[in-house]
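Reviewing the structure listed below.
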2 protein chains.
Amino acid sequence: MLVLSYHLTLVVPVAVAAVVGTYLISRYYSRASCSKGKVNLEQSKDTAKVVHSFDMEDIGKKAVYCRCWRSKKFPYCDGAHTKHNEETGDNVGPLIIKRRDA
Amino acid sequence: MLVLSYHLTLVVPVAVAAVVGTYLISRYYSRASCSKGKVNLEQSKDTAKVVHSFDMEDIGKKAVYCRCWRSKKFPYCDGAHTKHNEETGDNVGPLIIKRRDA
């Protein structure tokens, strides 16, 4: 019994130090890489750069464009920013282009 | 000398296992939280939801709107998406609203 507890007094501090040390280091590096995370996770990922262009004459009275990149109707807004903001604490919202009398 | 190597044969495997285990677990959780990361890191963070609305009559011939949220001229595009895409492997680009003859 004495041998076991001797081993434990040796092994447990080492294991705890290794766990805490590794956790702090990997948290540091993941936070650095996370803050440089992607904005667009799903839209047209086979495209080098997703650009949209619209002529005002084709817009009609009003159009609401997505800027959170989560909309199922991208490039148009479908309200997906609400769920995204709730999940992440973000504050993104759409861009509205309209006729003055709309 | 024998005692030291005996301790090492005990301690080293435990430390290695603790480091590898902790690393894998924290990578898993950080990836999950990272993929739900914020889109907007800097723009108007004191605002609950950043929405912009423009009347076509005020746009003139053409306007290029930022969708990467990194522009220093937000809501207008200043090309910041290029650096963002290079740093993160993302593929975001702006929204262009223009007159047909622009």
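In the structure tokens, each chain is lettered A, B, ... as it comes, each chain's residues begin at 1, and ligands are numbered from 1 in order of appearance.
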Interface, chain A side, toward chain B (6 Å; only C-alpha atoms) as JSON, numbers by chain: {"A": [11, 15, 18, 19, 22, 34, 38, 39, 48, 49, 50, 51, 52, 53, 54, 55, 56, 67, 88, 90, 91, 92, 93, 94, 95, 96, 97, 98, 99, 100]}
Selected residues, N, CA and C atoms, written as a compact mmCIF listing (two decimals), in the first residue's frame, please.
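Output file again02.txt follows:
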```txt
# COMPACT_ATOMS: atom_id res chain seq x y z
N VAL A 11 3.57 10.73 -9.22
CA VAL A 11 2.92 10.80 -10.54
C VAL A 11 1.85 11.90 -10.59
N ALA A 15 1.34 14.83 -13.45
CA ALA A 15 0.18 14.78 -14.37
C ALA A 15 -0.59 16.09 -14.30
N ALA A 18 1.27 18.84 -16.04
CA ALA A 18 1.24 18.64 -17.50
C ALA A 18 -0.12 19.06 -18.06
N VAL A 19 -1.18 18.69 -17.37
CA VAL A 19 -2.53 19.03 -17.84
C VAL A 19 -2.73 20.54 -17.81
N THR A 22 -0.46 22.36 -20.45
CA THR A 22 -0.91 22.13 -21.83
C THR A 22 -2.18 22.90 -22.11
N CYS A 34 -8.34 31.81 -33.34
CA CYS A 34 -9.80 31.94 -33.41
C CYS A 34 -10.18 33.38 -33.74
N LYS A 38 -12.58 32.66 -39.83
CA LYS A 38 -13.30 32.97 -41.06
C LYS A 38 -14.63 33.66 -40.74
N VAL A 39 -15.03 34.54 -41.65
CA VAL A 39 -16.33 35.21 -41.55
C VAL A 39 -17.37 34.33 -42.24
N ALA A 48 -13.14 31.81 -55.20
CA ALA A 48 -11.98 32.47 -54.57
C ALA A 48 -12.42 33.68 -53.76
N LYS A 49 -13.35 34.45 -54.30
CA LYS A 49 -13.83 35.65 -53.58
C LYS A 49 -15.30 35.88 -53.97
N VAL A 50 -16.17 35.93 -52.99
CA VAL A 50 -17.61 36.02 -53.26
C VAL A 50 -18.00 37.51 -53.34
N VAL A 51 -18.20 37.98 -54.57
CA VAL A 51 -18.59 39.38 -54.80
C VAL A 51 -19.95 39.37 -55.49
N HIS A 52 -20.82 40.27 -55.08
CA HIS A 52 -22.12 40.40 -55.76
C HIS A 52 -22.27 41.84 -56.24
N SER A 53 -22.88 41.96 -57.44
CA SER A 53 -23.10 43.30 -58.00
C SER A 53 -24.53 43.38 -58.51
N PHE A 54 -25.24 44.45 -58.16
CA PHE A 54 -26.63 44.62 -58.60
C PHE A 54 -26.81 46.01 -59.19
N ASP A 55 -27.62 46.06 -60.25
CA ASP A 55 -27.98 47.35 -60.82
C ASP A 55 -29.22 47.88 -60.08
N MET A 56 -29.17 49.14 -59.71
CA MET A 56 -30.29 49.72 -58.96
C MET A 56 -31.60 49.52 -59.69
N ARG A 67 -25.15 40.34 -44.34
CA ARG A 67 -23.75 40.65 -44.05
C ARG A 67 -23.21 39.71 -42.97
N THR A 88 -23.28 33.83 -30.58
CA THR A 88 -21.88 34.26 -30.47
C THR A 88 -21.70 35.58 -29.72
N ASP A 90 -22.39 38.32 -31.08
CA ASP A 90 -22.00 39.28 -32.12
C ASP A 90 -23.12 40.33 -32.27
N ASN A 91 -22.88 41.31 -33.20
CA ASN A 91 -23.92 42.35 -33.36
C ASN A 91 -24.07 42.73 -34.83
N VAL A 92 -24.01 41.72 -35.70
CA VAL A 92 -24.09 42.02 -37.13
C VAL A 92 -25.54 42.12 -37.58
N GLY A 93 -25.73 42.91 -38.61
CA GLY A 93 -27.06 43.08 -39.19
C GLY A 93 -26.92 43.37 -40.67
N PRO A 94 -28.04 43.45 -41.39
CA PRO A 94 -28.02 43.56 -42.85
C PRO A 94 -27.78 44.98 -43.36
N LEU A 95 -27.67 45.02 -44.70
CA LEU A 95 -27.58 46.29 -45.43
C LEU A 95 -28.86 46.43 -46.24
N ILE A 96 -29.54 47.56 -46.07
CA ILE A 96 -30.82 47.80 -46.78
C ILE A 96 -30.60 48.84 -47.87
N ILE A 97 -31.00 48.51 -49.10
CA ILE A 97 -30.97 49.47 -50.21
C ILE A 97 -32.40 49.66 -50.67
N LYS A 98 -32.86 50.91 -50.67
CA LYS A 98 -34.28 51.12 -50.99
C LYS A 98 -34.48 52.43 -51.74
N ARG A 99 -35.65 52.53 -52.35
CA ARG A 99 -36.04 53.81 -52.96
C ARG A 99 -36.49 54.70 -51.81
N ARG A 100 -36.28 55.97 -51.97
CA ARG A 100 -36.59 56.91 -50.89
C ARG A 100 -38.06 56.79 -50.44
```
Could you go through chain B and tell me which residues DSSP, when run on the backbone, assigns to helix (DSSP H, G or I), listing them as a compact mmCIF listing (two decimals) with all heavy atoms, in the first residue's frame?
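Okay, result05.txt is ready:
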```
# COMPACT_ATOMS: atom_id res chain seq x y z
N LEU B 2 20.28 4.68 -10.81
CA LEU B 2 19.23 3.71 -11.08
C LEU B 2 17.89 4.25 -10.62
O LEU B 2 16.88 4.15 -11.31
CB LEU B 2 19.56 2.38 -10.34
CG LEU B 2 18.82 1.16 -10.90
CD1 LEU B 2 19.35 0.88 -12.32
CD2 LEU B 2 19.04 -0.08 -10.01
N VAL B 3 17.89 4.91 -9.44
CA VAL B 3 16.63 5.42 -8.87
C VAL B 3 16.05 6.48 -9.81
O VAL B 3 14.86 6.45 -10.14
CB VAL B 3 16.89 6.05 -7.47
CG1 VAL B 3 15.60 6.74 -6.97
CG2 VAL B 3 17.39 4.98 -6.49
N LEU B 4 16.94 7.36 -10.32
CA LEU B 4 16.46 8.43 -11.22
C LEU B 4 15.79 7.83 -12.44
O LEU B 4 14.67 8.17 -12.79
CB LEU B 4 17.64 9.33 -11.65
CG LEU B 4 17.24 10.44 -12.64
CD1 LEU B 4 16.26 11.43 -11.95
CD2 LEU B 4 18.47 11.16 -13.17
N SER B 5 16.46 6.88 -13.07
CA SER B 5 15.89 6.34 -14.32
C SER B 5 14.59 5.60 -14.01
O SER B 5 13.64 5.63 -14.79
CB SER B 5 16.89 5.42 -15.01
OG SER B 5 17.11 4.30 -14.18
N TYR B 6 14.52 4.98 -12.81
CA TYR B 6 13.27 4.30 -12.44
C TYR B 6 12.13 5.32 -12.36
O TYR B 6 11.05 5.15 -12.91
CB TYR B 6 13.43 3.59 -11.09
CG TYR B 6 12.11 3.15 -10.50
CD1 TYR B 6 11.41 2.08 -11.08
CD2 TYR B 6 11.52 3.85 -9.44
CE1 TYR B 6 10.18 1.70 -10.56
CE2 TYR B 6 10.29 3.46 -8.93
CZ TYR B 6 9.63 2.37 -9.50
OH TYR B 6 8.40 1.98 -9.01
N HIS B 7 12.42 6.46 -11.71
CA HIS B 7 11.38 7.50 -11.57
C HIS B 7 10.97 8.02 -12.95
O HIS B 7 9.80 8.24 -13.22
CB HIS B 7 11.92 8.65 -10.70
CG HIS B 7 11.98 8.30 -9.26
ND1 HIS B 7 12.78 8.95 -8.34
CD2 HIS B 7 11.36 7.30 -8.57
CE1 HIS B 7 12.62 8.40 -7.15
NE2 HIS B 7 11.76 7.40 -7.26
N LEU B 8 11.99 8.17 -13.81
CA LEU B 8 11.67 8.71 -15.14
C LEU B 8 10.76 7.77 -15.92
O LEU B 8 9.80 8.18 -16.56
CB LEU B 8 12.97 8.98 -15.92
CG LEU B 8 13.75 10.22 -15.46
CD1 LEU B 8 15.01 10.40 -16.31
CD2 LEU B 8 12.87 11.47 -15.53
N THR B 9 11.05 6.48 -15.81
CA THR B 9 10.21 5.51 -16.55
C THR B 9 8.76 5.58 -16.04
O THR B 9 7.82 5.23 -16.73
CB THR B 9 10.72 4.07 -16.35
OG1 THR B 9 10.86 3.86 -14.93
CG2 THR B 9 12.04 3.83 -17.06
N LEU B 10 8.61 6.07 -14.83
CA LEU B 10 7.26 6.18 -14.24
C LEU B 10 6.62 7.51 -14.65
O LEU B 10 5.51 7.57 -15.13
CB LEU B 10 7.40 6.13 -12.71
CG LEU B 10 6.11 5.90 -11.91
CD1 LEU B 10 5.58 4.50 -12.23
CD2 LEU B 10 6.36 6.02 -10.42
N VAL B 11 7.39 8.57 -14.49
CA VAL B 11 6.84 9.92 -14.63
C VAL B 11 6.66 10.32 -16.10
O VAL B 11 5.63 10.88 -16.47
CB VAL B 11 7.78 10.93 -13.91
CG1 VAL B 11 7.52 12.33 -14.38
CG2 VAL B 11 7.62 10.82 -12.40
N VAL B 12 7.63 10.01 -16.94
CA VAL B 12 7.58 10.50 -18.33
C VAL B 12 6.33 10.02 -19.08
O VAL B 12 5.60 10.83 -19.65
CB VAL B 12 8.88 10.12 -19.08
CG1 VAL B 12 8.72 10.34 -20.59
CG2 VAL B 12 10.06 10.92 -18.52
N PRO B 13 5.99 8.72 -19.04
CA PRO B 13 4.77 8.29 -19.76
C PRO B 13 3.52 9.00 -19.26
O PRO B 13 2.66 9.40 -20.03
CB PRO B 13 4.71 6.79 -19.47
CG PRO B 13 6.07 6.39 -19.03
CD PRO B 13 6.67 7.59 -18.41
N VAL B 14 3.45 9.20 -17.96
CA VAL B 14 2.27 9.88 -17.38
C VAL B 14 2.20 11.31 -17.89
O VAL B 14 1.15 11.79 -18.35
CB VAL B 14 2.35 9.88 -15.83
CG1 VAL B 14 1.31 10.83 -15.25
CG2 VAL B 14 2.19 8.46 -15.30
N ALA B 15 3.34 11.99 -17.90
CA ALA B 15 3.36 13.39 -18.35
C ALA B 15 2.98 13.47 -19.83
O ALA B 15 2.14 14.28 -20.22
CB ALA B 15 4.75 13.98 -18.13
N VAL B 16 3.55 12.58 -20.62
CA VAL B 16 3.26 12.59 -22.07
C VAL B 16 1.77 12.34 -22.31
O VAL B 16 1.10 13.04 -23.05
CB VAL B 16 4.12 11.53 -22.81
CG1 VAL B 16 3.61 11.32 -24.24
CG2 VAL B 16 5.59 11.94 -22.78
N ALA B 17 1.24 11.35 -21.61
CA ALA B 17 -0.20 11.02 -21.78
C ALA B 17 -1.04 12.22 -21.36
O ALA B 17 -2.00 12.59 -22.05
CB ALA B 17 -0.55 9.82 -20.92
N ALA B 18 -0.69 12.88 -20.30
CA ALA B 18 -1.47 14.04 -19.81
C ALA B 18 -1.40 15.18 -20.82
O ALA B 18 -2.42 15.80 -21.14
CB ALA B 18 -0.92 14.49 -18.46
N VAL B 19 -0.22 15.40 -21.37
CA VAL B 19 -0.06 16.51 -22.35
C VAL B 19 -0.88 16.22 -23.60
O VAL B 19 -1.69 17.03 -24.04
CB VAL B 19 1.43 16.71 -22.71
CG1 VAL B 19 1.56 17.59 -23.94
CG2 VAL B 19 2.20 17.29 -21.53
N VAL B 20 -0.72 15.02 -24.15
CA VAL B 20 -1.42 14.67 -25.41
C VAL B 20 -2.93 14.70 -25.18
O VAL B 20 -3.68 15.29 -25.94
CB VAL B 20 -0.96 13.29 -25.92
CG1 VAL B 20 -1.84 12.83 -27.10
CG2 VAL B 20 0.51 13.34 -26.33
N GLY B 21 -3.37 14.10 -24.08
CA GLY B 21 -4.82 14.05 -23.80
C GLY B 21 -5.39 15.44 -23.66
O GLY B 21 -6.41 15.78 -24.27
N THR B 22 -4.74 16.28 -22.92
CA THR B 22 -5.25 17.65 -22.68
C THR B 22 -5.26 18.43 -23.97
O THR B 22 -6.22 19.14 -24.27
CB THR B 22 -4.33 18.37 -21.67
OG1 THR B 22 -4.17 17.54 -20.54
CG2 THR B 22 -4.89 19.70 -21.26
N TYR B 23 -4.23 18.26 -24.76
CA TYR B 23 -4.13 19.00 -26.02
C TYR B 23 -5.30 18.63 -26.93
O TYR B 23 -6.00 19.50 -27.46
CB TYR B 23 -2.81 18.69 -26.71
CG TYR B 23 -2.68 19.34 -28.07
CD1 TYR B 23 -2.47 20.72 -28.17
CD2 TYR B 23 -2.82 18.59 -29.24
CE1 TYR B 23 -2.39 21.34 -29.41
CE2 TYR B 23 -2.74 19.20 -30.48
CZ TYR B 23 -2.52 20.57 -30.56
OH TYR B 23 -2.45 21.17 -31.80
N LEU B 24 -5.56 17.34 -27.08
CA LEU B 24 -6.62 16.89 -27.99
C LEU B 24 -7.99 17.38 -27.51
O LEU B 24 -8.80 17.88 -28.29
CB LEU B 24 -6.59 15.37 -28.11
CG LEU B 24 -5.34 14.80 -28.81
CD1 LEU B 24 -5.35 13.28 -28.76
CD2 LEU B 24 -5.26 15.30 -30.25
N ILE B 25 -8.23 17.28 -26.23
CA ILE B 25 -9.53 17.70 -25.69
C ILE B 25 -9.71 19.21 -25.86
O ILE B 25 -10.74 19.68 -26.33
CB ILE B 25 -9.65 17.30 -24.20
CG1 ILE B 25 -9.75 15.77 -24.09
CG2 ILE B 25 -10.88 17.96 -23.55
CD1 ILE B 25 -9.55 15.26 -22.67
N SER B 26 -8.69 19.98 -25.54
CA SER B 26 -8.88 21.45 -25.63
C SER B 26 -8.95 21.89 -27.08
O SER B 26 -9.66 22.83 -27.41
CB SER B 26 -7.77 22.20 -24.90
OG SER B 26 -6.55 22.02 -25.59
N ARG B 27 -8.27 21.16 -27.99
CA ARG B 27 -8.39 21.51 -29.43
C ARG B 27 -9.82 21.27 -29.88
O ARG B 27 -10.41 22.08 -30.58
CB ARG B 27 -7.46 20.61 -30.27
CG ARG B 27 -6.03 21.02 -30.29
CD ARG B 27 -5.75 22.24 -31.10
NE ARG B 27 -6.08 22.08 -32.52
CZ ARG B 27 -5.77 22.96 -33.45
NH1 ARG B 27 -5.13 24.04 -33.10
NH2 ARG B 27 -6.08 22.78 -34.70
N TYR B 28 -10.39 20.16 -29.44
CA TYR B 28 -11.76 19.81 -29.85
C TYR B 28 -12.72 20.92 -29.42
O TYR B 28 -13.47 21.46 -30.21
CB TYR B 28 -12.18 18.48 -29.23
CG TYR B 28 -13.65 18.17 -29.43
CD1 TYR B 28 -14.14 17.73 -30.66
CD2 TYR B 28 -14.57 18.37 -28.38
CE1 TYR B 28 -15.49 17.50 -30.86
CE2 TYR B 28 -15.93 18.14 -28.57
CZ TYR B 28 -16.38 17.70 -29.81
OH TYR B 28 -17.72 17.48 -30.00
N TYR B 29 -12.61 21.33 -28.15
CA TYR B 29 -13.57 22.33 -27.64
C TYR B 29 -13.29 23.70 -28.25
O TYR B 29 -14.20 24.45 -28.55
CB TYR B 29 -13.55 22.37 -26.12
CG TYR B 29 -14.32 21.22 -25.53
CD1 TYR B 29 -13.65 20.14 -24.95
CD2 TYR B 29 -15.70 21.18 -25.61
CE1 TYR B 29 -14.36 19.07 -24.44
CE2 TYR B 29 -16.42 20.11 -25.12
CZ TYR B 29 -15.74 19.05 -24.54
OH TYR B 29 -16.45 17.99 -24.06
N SER B 30 -12.04 24.02 -28.48
CA SER B 30 -11.76 25.37 -29.03
C SER B 30 -12.21 25.43 -30.47
O SER B 30 -12.72 26.44 -30.93
CB SER B 30 -10.27 25.70 -28.94
OG SER B 30 -9.57 24.99 -29.93
N ARG B 31 -12.11 24.30 -31.21
CA ARG B 31 -12.56 24.31 -32.61
C ARG B 31 -14.07 24.53 -32.62
O ARG B 31 -14.60 25.33 -33.39
CB ARG B 31 -12.19 22.99 -33.30
CG ARG B 31 -12.44 23.00 -34.81
CD ARG B 31 -11.65 21.93 -35.50
NE ARG B 31 -10.22 22.16 -35.38
CZ ARG B 31 -9.31 21.17 -35.46
NH1 ARG B 31 -9.69 19.93 -35.58
NH2 ARG B 31 -8.03 21.44 -35.36
N ALA B 32 -14.79 23.87 -31.71
CA ALA B 32 -16.25 24.01 -31.67
C ALA B 32 -16.60 25.47 -31.38
O ALA B 32 -17.39 26.08 -32.07
CB ALA B 32 -16.81 23.09 -30.60
N SER B 33 -15.94 26.05 -30.41
CA SER B 33 -16.32 27.44 -30.05
C SER B 33 -15.82 28.40 -31.13
O SER B 33 -16.44 29.39 -31.43
CB SER B 33 -15.70 27.81 -28.70
OG SER B 33 -14.29 27.88 -28.85
N CYS B 34 -14.72 28.07 -31.77
CA CYS B 34 -14.14 28.97 -32.78
C CYS B 34 -15.04 29.02 -34.00
O CYS B 34 -15.26 30.07 -34.57
CB CYS B 34 -12.76 28.47 -33.18
SG CYS B 34 -11.85 29.67 -34.13
N SER B 35 -15.59 27.86 -34.41
CA SER B 35 -16.39 27.88 -35.64
C SER B 35 -17.65 28.68 -35.40
O SER B 35 -18.32 29.12 -36.30
CB SER B 35 -16.73 26.45 -36.09
OG SER B 35 -17.60 25.91 -35.12
N MET B 56 -31.48 54.65 -52.77
CA MET B 56 -30.78 54.57 -54.07
C MET B 56 -30.49 55.96 -54.61
O MET B 56 -29.44 56.22 -55.18
CB MET B 56 -31.66 53.81 -55.06
CG MET B 56 -31.81 52.35 -54.74
SD MET B 56 -32.85 51.58 -56.02
CE MET B 56 -33.70 50.39 -55.02
N GLU B 57 -31.45 56.87 -54.37
CA GLU B 57 -31.29 58.22 -54.92
C GLU B 57 -30.03 58.91 -54.36
O GLU B 57 -29.49 59.83 -54.94
CB GLU B 57 -32.52 59.07 -54.59
CG GLU B 57 -33.81 58.60 -55.26
CD GLU B 57 -34.51 57.45 -54.50
OE1 GLU B 57 -33.93 56.94 -53.50
OE2 GLU B 57 -35.61 57.06 -54.91
N ASP B 58 -29.54 58.42 -53.22
CA ASP B 58 -28.38 59.07 -52.59
C ASP B 58 -27.06 58.37 -52.95
O ASP B 58 -25.98 58.82 -52.57
CB ASP B 58 -28.53 59.05 -51.06
CG ASP B 58 -29.77 59.80 -50.61
OD1 ASP B 58 -30.17 60.74 -51.33
OD2 ASP B 58 -30.37 59.42 -49.58
N ILE B 59 -27.16 57.26 -53.64
CA ILE B 59 -25.96 56.45 -53.88
C ILE B 59 -25.10 57.00 -55.01
O ILE B 59 -23.90 56.78 -55.07
CB ILE B 59 -26.34 54.97 -54.14
CG1 ILE B 59 -26.91 54.34 -52.86
CG2 ILE B 59 -25.16 54.16 -54.64
CD1 ILE B 59 -27.36 52.90 -53.01
N ALA B 80 -10.13 45.66 -47.45
CA ALA B 80 -9.61 44.92 -46.29
C ALA B 80 -9.87 43.42 -46.41
O ALA B 80 -9.19 42.60 -45.79
CB ALA B 80 -10.22 45.45 -45.00
N HIS B 81 -10.83 43.03 -47.23
CA HIS B 81 -11.15 41.60 -47.36
C HIS B 81 -9.96 40.82 -47.93
O HIS B 81 -9.80 39.64 -47.64
CB HIS B 81 -12.39 41.39 -48.25
CG HIS B 81 -12.28 42.02 -49.58
ND1 HIS B 81 -12.78 43.28 -49.86
CD2 HIS B 81 -11.68 41.60 -50.74
CE1 HIS B 81 -12.53 43.59 -51.13
NE2 HIS B 81 -11.84 42.61 -51.67
N THR B 82 -9.14 41.50 -48.71
CA THR B 82 -7.99 40.80 -49.30
C THR B 82 -7.05 40.27 -48.22
O THR B 82 -6.71 39.08 -48.18
CB THR B 82 -7.22 41.76 -50.25
OG1 THR B 82 -8.13 42.26 -51.22
CG2 THR B 82 -6.06 41.04 -50.92
N LYS B 83 -6.70 41.14 -47.29
CA LYS B 83 -5.81 40.73 -46.18
C LYS B 83 -6.51 39.68 -45.31
O LYS B 83 -5.93 38.67 -44.94
CB LYS B 83 -5.46 41.97 -45.36
CG LYS B 83 -4.50 41.71 -44.20
CD LYS B 83 -3.99 43.04 -43.62
CE LYS B 83 -3.20 42.82 -42.34
NZ LYS B 83 -4.08 42.88 -41.12
N HIS B 84 -7.78 39.93 -45.02
CA HIS B 84 -8.54 38.96 -44.20
C HIS B 84 -8.54 37.57 -44.86
O HIS B 84 -8.29 36.56 -44.21
CB HIS B 84 -9.98 39.44 -44.02
CG HIS B 84 -10.90 38.39 -43.49
ND1 HIS B 84 -10.92 38.00 -42.18
CD2 HIS B 84 -11.78 37.58 -44.15
CE1 HIS B 84 -11.79 37.02 -42.03
NE2 HIS B 84 -12.32 36.74 -43.21
N ASN B 85 -8.81 37.54 -46.16
CA ASN B 85 -8.86 36.25 -46.88
C ASN B 85 -7.49 35.57 -46.87
O ASN B 85 -7.40 34.36 -46.66
CB ASN B 85 -9.33 36.46 -48.32
CG ASN B 85 -10.81 36.81 -48.39
OD1 ASN B 85 -11.56 36.57 -47.43
ND2 ASN B 85 -11.25 37.41 -49.49
N GLU B 86 -6.44 36.36 -47.05
CA GLU B 86 -5.08 35.78 -47.04
C GLU B 86 -4.76 35.20 -45.67
O GLU B 86 -4.23 34.11 -45.54
CB GLU B 86 -4.04 36.86 -47.39
CG GLU B 86 -3.88 37.08 -48.89
CD GLU B 86 -3.15 38.41 -49.17
OE1 GLU B 86 -2.52 38.98 -48.23
OE2 GLU B 86 -3.24 38.88 -50.33
N GLU B 87 -5.14 35.93 -44.60
CA GLU B 87 -4.78 35.50 -43.24
C GLU B 87 -5.56 34.28 -42.81
O GLU B 87 -5.07 33.45 -42.05
CB GLU B 87 -5.07 36.63 -42.25
CG GLU B 87 -4.00 37.70 -42.20
CD GLU B 87 -4.36 38.81 -41.19
OE1 GLU B 87 -5.45 38.72 -40.59
OE2 GLU B 87 -3.57 39.74 -41.05
N THR B 88 -6.81 34.16 -43.27
CA THR B 88 -7.68 33.12 -42.71
C THR B 88 -8.08 32.05 -43.73
O THR B 88 -8.74 31.09 -43.37
CB THR B 88 -8.99 33.77 -42.20
OG1 THR B 88 -9.65 34.37 -43.33
CG2 THR B 88 -8.70 34.83 -41.15
```
Gap from CA of Asp78 (chain B) to CA of Ser71 (chain A) - Å, one decimal: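 Between CA of Asp78 (chain B) and CA of Ser71 (chain A) the gap works out to 23.6 Å.
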Which of region 26-75 of chain A fall in strand (DSSP E or B), as a ChimeraX atom specification: /A:50-55,62-65
